[in-house]
Every structure is written in C-alpha cells, then in structure tokens.
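Let me begin by presenting the structure, written as structure tokens, before commenting on it.
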Amino acid sequence: MQQTLSQKVLAKASGRDHVAVGDVVWTKVDVLMSHDPCMPGVVGVFKREFGEDAKVWNADRFIMIPDHFVYTADPLANQNIRLMRTFAQAQGIKHFYDVGTKDYKGVCHIALAEGGHNRPGEVLLGTDSHTVTGGAFGTFSIGVGNTDAAFALGTGTIPLKVPATIRVNYHGMMPAHVMAKDLILELIGRLTIEGATYMTLEFGGAVVDAMSVESRMTLCNMVVECGAKNGIMVPNAATLAYLAERTDIPFEVMEPDADAIYAQVIDIDVTTLQPRVAKPHCPDNVTDVDTLFDVPLAQAYIGSCTGGKLEDFVEAARVLRGHTVSVPTYAVPATKEVFHGLIRTHIAGQSVYDILIDAGVLLSSETGCAACCGGPSDTFGRVNDAISVISTTNRNFVGRMGNKGAQVYLASPYTVAASAIRGRIANPADYLGAAIAASASTPAFSL
C-alpha cells in the first residue's frame with residue numbers, strides 16, 4: 001500500500017485502510033497529556049466551549065503532569081498547579097502525577113514513558129512541543145496548542161493533516177565518544193531549523209535498530225527543532241521489553257510498507273562522525289566540537305527531557321569519574337525514577353550519584369524541567385547572568401535558560417561533562433579513553 005509508519009498509524013486512528021499525504025482526517029486520540037504551563041489555558045477553553053459542568057472524554061486517557069515550574073515560590077506558577085489539583089479532583093482523573101505526592105514523576109515526556117503511556121500504533125497529543133519524544137515507541141506523538149487540546153479533551157478526536165515523511169537511516173560503526181544527541185544535532189544541522197516543517201522524520205537503519213530506549217527517545221525528542229510534526233520509529237526489542245514492564249494495555253506494532261513513498265531519504269554514516277555542538281542561538285547552528293576548542297565556559301548543565309535521563313547521567317559519570325569540574329555544573333534528573341537510578345546504578349563499584357557528587361556537580365533531588373526553559377528567578381541552575389553555558393538541553397534560543405545575554409551551547413552528556421572538567425568546550429574523546437578501559441575491566445552498568 002506504499003504507506004509510511006505515520007500514515008499507517010493515522011489510517012488506523014481514522015478508521016481507514018489508507019491515508020495519503022495531505023489528507024485531513026478525523027483522528028481518534030488514544031492519549032492526551034497536559035502540564036502546568038498550559039492547563040489554565042486548556043481548562044479555560046474546555047469550559048467555555050463544552051460548559052462549566054462538562055466532563056472530559058476519558059478520565060483514564062487524559063494524563064496530567066506538572067513539571068515545568070514545580071519547585072518555586074512564584075505565586076503564579078503555584079496557582080497553575082492548584083488549578084490542576086482542582087480539575088483532577090472534579091474530573092476523577094486517574095493519572096495525575098501531582099508534585100509533593102508519591103505519584104510525582106517529573107518531566108512529562110519521560111514520565112509518559114515511565115508510566116507506560118507511550119504505546120506503538122497509537123496517537124498521543126501533548127501540550128508541549130517535545131511530546132514528539134513518544135515517537136521512540138512507534139507512537140504518532142505530537143505537540144498541540146491549548147485550543148486543540150481542549151477540543152480533544154472534550155471529544156477524544158482531532159482533525160490532522162497527514163504529513164509527508166523524510167526517512168533517515170543511520171548506519172556504520174558508532175564511535176565510542178558519540179551519542180544519540182550528536183546524531184540528531186548532525187541531522188538538524190543538515191536540515192536547518194525549518195527543513196522538515198510539518199513533516200514526519202521516520203528513523204531507521206542498523207544504528208537505530210541497536211539503540212537503547214533512552215537514546216531513541218533523544219532522537220525523536222529534537223525533531224521539532226527542524227520543524228517536524230513528529231518523529232517515529234519501529235519499536236525494537238529493547239523498546240518492547242521496556243513496554244512489557246510498564247503497561248498491560250494491548251497495542252499494535254506497525255511497520256512502514258517496503259515500498260513506502262518518502263519525500264526524501266537521508267543516509268548518515270556515523271563511523272567518522274565527531275561530537276556535535278549547536279552554537280548560540282539556534283539548534284541548527286551546528287559545528288564540530290573541535291572547532292570550539294577555545295570557547296571558555298562559566299557554567300554547565302545536565303538535565304531536561306533531552307539530556308536528563310538515567311543513561312545521560314551514566315554516560316556523563318563515565319567522563320567525570322576521577323575528575324573535578326572547574327565551572328559550576330548543575331544536574332537535574334528528569335524524574336524521580338531517574339534520581340533513584342543514580343543511586344542504584346554503579347560504574348566500577350561506585351554509584352553514579354557518588355561519582356557526580358565527588359566531581360563537584362551540584363545535583364538536585366527536585367526533578368523536573370528546572371532551568372531548561374529558564375523559569376522563575378529561584379529555579380535551580382537558572383542562567384541569571386550573561387555568561388557562556390554548555391547544556392544537554394534541546395534549545396538555545398535567546399533567553400531560553402534565563403538571561404537574554406547568555407550564550408548557550410547544546411551538546412551531548414559526554415561533551416558537557418568533558419567541558420565541565422576543562423572549563424572550555426572539550427572533545428569527550430580526551431577523557432573517555434581511560435573511562436572506557438576502566439569500564440571494560442569491571443561491571444560497567446549494574447543496578
């Protein structure tokens with residue numbers, strides 16, 4: 001039938017056998033997520049259009065996750081969360097991961113995965129652009145505005161235009177000092193910030209097939225930085241094993257047709273790829289790490305939905321082990337599960353938590369988005385001065401992490417950790433040689 005993976009998911013969700021690029025189809029929504037920055041807007045439109053006493057279409061499939069401005073004294077931010085509590089109670093919402101409770105998780109995109117809400121062959125909407133992260137599970141997962149979210153909240157449906165698809169194949173031998181973040185920065189640099197506007201990026205190739213679940217999430221997370229509607233890939237064995245531990249809701253694994261029609265096919269051989277860095281002030285301003293060797297730094301940051309997963313901290317710890325950071329280095333685990341993983345995960349007999357603390361990293365136990373998007377003035381790790389910062393986050397627009405005069409460089413956890421040690425942007429290969437040798441002689445990753 002010549003359909004891509006996204007076309008197949010949308011065909012199923014709209015009750016059709018086949019959809020074509022450009023079709024506008026009424027699509028059944030399987031999961032809707034909203035969080036604290038957008039809930040006031042969503043609730044306002046929902047009540048205006050459906051009535052003060054209206055009920056959401058499905059209290060089990062609407063997921064509410066405060067994560068952006070959760071640990072702050074800011075009264076407006078706190079009011080957003082109070083509104084979420086009132087709405088969740090009135091509507092009987094099953095999955096409300098409220099801050100300050102045992103259910104709290106942290107960053108919504110990682111929390112969705114941990115909660116088993118990303119499932120293959122389904123349509124997931126979220127009021128955050130990085131909802132595209134869910135494509136790592138074979139989900140058609142997209143960010144929407146408050147009005148669209150309110151409509152879906154009342155009806156369980158949404159009209160969608162079927163996007164054209166760019167197929168991206170990564171192949172070759174992955175260098176030891178290169179991570180998924182480097183792969184997606186390389187792609188964004190090639191496509192530019194608007195090169196995939198309202199298109200799907202469908203990932204494949206031997207490198208993607210062999211990737212961990214969290215690396216696959218990193219790839220999909222940043223597709224929106226080149227304008228894509230969504231990123232998506234066929235679940236691999238690791239992904240299916242991850243899902244088996246987190247959901248008993250049946251799902252359908254879909255694959256693109258062998259003769260699927262793509263708008264473009266991009267093949268990237270990673271064998272000779274060097275770590276990539278996005279310079280200020282755009283994620284597509286990408287260059288080789290070694291061209292920035294003399295750039296001094298005043299701060300480093302490890303966290304966010306892109307770079308705050310357990311794997312990201314483990315890889316940063318491989319670089320930091322036995323070293324001390326020379327600039328203030330803030331670290332915020334994306335979720336409580338990630339934070340607990342730092343304690344339970346060991347490299348050569350030492351916990352990741354202890355490695356980070358011994359290296360002088362300022363580690364927060366208050367999980368969430370934190371300084372990725374700046375936030376109120378009391379946000380942990382916020383960039384309050386016009387300094388140069390290297391970060392594992394996903395955006396480096398002017399003012400993104402706080403101060404409008406700050407210069408924010410985006411890089412992998414490997415590169416951020418190496419740069420934090422040196423105080424200047426550094427190639428992680430300079431530090432990973434000993435780390436790789438040590439990990440080869442002892443259990444490298446134990447829980």
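Just remember, in the structure tokens the first chain shown is A, the second B, etc., residues are 1-based per chain, and ligands are 1-based in the order shown.
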
List the spatial neighbours of A:Thr139 as a ChimeraX atom specification - criterion: any atom at most 8 Å away, only C-alpha atoms, same-chain residues fewer than 2 positions off excluded.
/A:9,118-124,134-137,141,232

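For A:Leu201, the list of residues within 9 Å, based on only C-alpha atoms and with local chain neighbours fewer than 2 positions off taken out, reads A:Ala164, A:Thr165, A:Ile166, A:Arg167, A:Val168, A:Ala196, A:Met199, A:Phe203, A:Cys220, A:Val223, A:Ala228, A:Lys229, A:Asn230, A:Gly231, A:Ile232, A:Met233.
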
I'd like to know which of A:Leu292, A:Val45, A:Val253, A:Ala317 is closest to A:Gly145, using only C-alpha atoms.
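Among the listed residues, the smallest separation from A:Gly145 belongs to A:Val45.
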
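Taking only C-alpha atoms into account, A:Leu187 lies nearest to A:Pro283 out of the set A:Gly307, A:Gly381, A:Pro163, A:Pro283.
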
List as a CSV table (one decimal) with all heavy atoms, in the first residue's frame the protein and nucleic acid residues near A:Arg422, meaning an atom at most 9 Å away when only C-alpha atoms are counted, but skip any in the same chain fewer than 6 places from it.
```
chain,number,residue,atom,x,y,z
A,297,LEU,N,33.9,28.6,29.2
A,297,LEU,CA,32.6,28.4,29.8
A,297,LEU,C,32.5,28.9,31.2
A,297,LEU,O,33.5,28.9,32.0
A,297,LEU,CB,32.2,27.0,29.8
A,297,LEU,CG,32.2,26.3,28.4
A,297,LEU,CD1,32.1,24.8,28.5
A,297,LEU,CD2,31.0,26.8,27.6
A,325,VAL,N,34.9,19.1,38.3
A,325,VAL,CA,34.5,20.1,37.4
A,325,VAL,C,35.2,21.4,37.8
A,325,VAL,O,35.4,21.7,39.0
A,325,VAL,CB,33.0,20.2,37.4
A,325,VAL,CG1,32.3,19.0,36.9
A,325,VAL,CG2,32.5,20.6,38.8
A,326,SER,N,35.5,22.2,36.8
A,326,SER,CA,36.1,23.5,37.0
A,326,SER,C,35.2,24.7,36.9
A,326,SER,O,35.6,25.9,37.1
A,326,SER,CB,37.3,23.7,36.1
A,326,SER,OG,36.9,23.7,34.7
A,327,VAL,N,33.9,24.4,36.5
A,327,VAL,CA,32.9,25.5,36.5
A,327,VAL,C,31.7,25.0,37.2
A,327,VAL,O,31.5,23.7,37.2
A,327,VAL,CB,32.5,25.9,35.0
A,327,VAL,CG1,33.8,26.5,34.3
A,327,VAL,CG2,32.0,24.7,34.2
```

DSSP-assigned alpha helix (DSSP H) among stretch 166-369 of chain A, expressed as number ranges by chain
A: 180-191, 206-209, 213-221, 237-244, 304-307, 310-320, 336-344, 352-358

Here is a test: counting only C-alpha atoms, which residue of A:Gly322, A:Gly360, A:Gly138, A:Gly308 is nearest to A:Glu252?
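Smallest separation from A:Glu252 among the options: A:Gly138.
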
Could you give me the residues within stretch 67-206 of chain A that DSSP places in strand (DSSP E or B), as a ChimeraX atom specification?
/A:95-96,106,123-126,140-143,157-161,164-171,199-204

Do a neighbour search on A:Asp209 at 12 Å with only C-alpha atoms, toss out local chain neighbours closer than 6 positions, and write the hits as a list in words.
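Skipping anything fewer than 6 positions along the chain leaves Ala136, Asn169, Tyr170, His171, Gly172, Phe203, Ser215, Arg216, Met233, Val234, Pro235, Asn236, Ala237, Ala238 and Thr239 of chain A.
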
Filtering to C-alpha atoms, could you give me those residues as a JSON list (two decimals), in the first residue's frame?
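Heads up, here's the output in out.json:
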```json
[["chain", "number", "residue", "atom", "x", "y", "z"],
["A", 136, "ALA", "CA", 10.51, 6.37, 20.02],
["A", 169, "ASN", "CA", 18.83, 5.97, 8.08],
["A", 170, "TYR", "CA", 21.82, 5.92, 10.45],
["A", 171, "HIS", "CA", 24.40, 3.25, 9.64],
["A", 172, "GLY", "CA", 28.06, 2.45, 10.19],
["A", 203, "PHE", "CA", 14.17, 6.87, 11.76],
["A", 215, "SER", "CA", 18.85, 7.04, 23.03],
["A", 216, "ARG", "CA", 15.90, 6.52, 20.69],
["A", 233, "MET", "CA", 10.49, 4.59, 14.54],
["A", 234, "VAL", "CA", 9.57, 0.92, 14.68],
["A", 235, "PRO", "CA", 9.96, -0.39, 18.25],
["A", 236, "ASN", "CA", 13.00, -2.61, 18.67],
["A", 237, "ALA", "CA", 13.39, -5.50, 21.13],
["A", 238, "ALA", "CA", 14.63, -3.18, 23.89],
["A", 239, "THR", "CA", 11.58, -0.97, 23.48]]
```

For a test of reading the model, state the distance in Å between atom CA of A:Ser412 and atom CA of A:Leu320, rounded to one decimal.
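Interatomic distance here is 13.7 Å.
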
Tell me which of A:Val314, A:Gly204, A:Thr271, A:Thr72 sits closest to A:Arg382, counting only C-alpha atoms.
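Of the candidates, the smallest distance to A:Arg382 is held by A:Thr72.
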
With a distance cut-off of 10 Å and only C-alpha atoms, select the neighbouring residues of A:Val42, excluding the residue or stretch itself and same-chain residues fewer than 3 positions from it, and output the selection as a compact mmCIF listing (two decimals) with N, CA, C and O atoms, in the first residue's frame.
```txt
# COMPACT_ATOMS: atom_id res chain seq x y z
N SER A 34 -1.41 16.99 29.44
CA SER A 34 -1.16 18.41 29.63
C SER A 34 -0.41 18.63 30.93
O SER A 34 -0.39 17.77 31.80
N HIS A 35 0.24 19.79 31.02
CA HIS A 35 1.11 20.08 32.15
C HIS A 35 0.84 21.49 32.68
O HIS A 35 -0.01 22.22 32.17
N PRO A 37 2.22 24.60 32.63
CA PRO A 37 2.19 25.88 31.92
C PRO A 37 0.91 26.08 31.11
O PRO A 37 0.49 27.22 30.88
N CYS A 38 0.31 24.98 30.65
CA CYS A 38 -0.80 25.09 29.69
C CYS A 38 -2.17 24.76 30.27
O CYS A 38 -3.19 25.07 29.64
N MET A 39 -2.22 24.14 31.43
CA MET A 39 -3.52 23.71 31.94
C MET A 39 -4.52 24.85 32.12
O MET A 39 -5.70 24.67 31.81
N VAL A 45 -10.55 27.09 27.80
CA VAL A 45 -11.21 26.84 26.51
C VAL A 45 -12.20 25.68 26.64
O VAL A 45 -13.32 25.74 26.11
N PHE A 46 -11.80 24.65 27.37
CA PHE A 46 -12.68 23.47 27.54
C PHE A 46 -14.01 23.88 28.18
O PHE A 46 -15.10 23.51 27.70
N LYS A 47 -13.96 24.67 29.23
CA LYS A 47 -15.19 25.06 29.92
C LYS A 47 -16.01 26.05 29.09
O LYS A 47 -17.24 26.02 29.10
N ARG A 48 -15.30 26.91 28.37
CA ARG A 48 -16.03 27.88 27.54
C ARG A 48 -16.79 27.18 26.41
O ARG A 48 -17.93 27.53 26.11
N THR A 127 0.42 19.04 25.30
CA THR A 127 0.53 20.50 25.18
C THR A 127 1.96 20.98 25.38
O THR A 127 2.23 21.93 26.12
N GLY A 145 -1.52 22.96 20.53
CA GLY A 145 -1.83 24.16 21.29
C GLY A 145 -2.99 23.93 22.25
O GLY A 145 -3.65 22.89 22.24
N ASN A 146 -3.25 24.95 23.08
CA ASN A 146 -4.29 24.81 24.10
C ASN A 146 -5.68 24.59 23.51
O ASN A 146 -6.48 23.80 24.04
N THR A 147 -5.97 25.25 22.41
CA THR A 147 -7.31 25.12 21.82
C THR A 147 -7.52 23.71 21.27
O THR A 147 -8.57 23.09 21.50
N ASP A 148 -6.53 23.19 20.55
CA ASP A 148 -6.64 21.82 20.04
C ASP A 148 -6.73 20.82 21.19
O ASP A 148 -7.50 19.85 21.12
N ALA A 149 -5.96 21.05 22.24
CA ALA A 149 -6.00 20.14 23.39
C ALA A 149 -7.38 20.17 24.05
O ALA A 149 -7.92 19.12 24.44
N ALA A 150 -7.95 21.36 24.18
CA ALA A 150 -9.28 21.47 24.79
C ALA A 150 -10.33 20.76 23.96
O ALA A 150 -11.24 20.11 24.49
N PHE A 151 -10.22 20.86 22.63
CA PHE A 151 -11.17 20.16 21.75
C PHE A 151 -11.03 18.65 21.92
O PHE A 151 -12.03 17.93 22.05
N LEU A 153 -9.88 17.16 24.49
CA LEU A 153 -10.30 16.83 25.86
C LEU A 153 -11.81 16.59 25.92
O LEU A 153 -12.29 15.74 26.67
```

Would you mind telling me which residue in A:Glu114, A:Asp284, A:Asp182, A:Asp67 lies nearest to A:Thr367 when using only C-alpha atoms?
A:Asp67

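Taking atom CA of A:Ala298 and atom CA of A:Ser388 as the two end points, the separation is 5.5 Å.
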
Find the spatial neighbours of A:Ala20, counting only C-alpha atoms, within a cut-off of 12 Å - ignore same-chain residues fewer than 6 positions away - and output them as a VMD selection string.
chain A and resid 1 to 4 6 to 8 10 to 11 160 to 165 260 to 262

Pick the closest to A:Ala426 from A:Glu337, A:Tyr353, A:His177, A:Lys404: which is it, counting only C-alpha atoms?
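Of the candidates, the smallest distance to A:Ala426 is held by A:His177.
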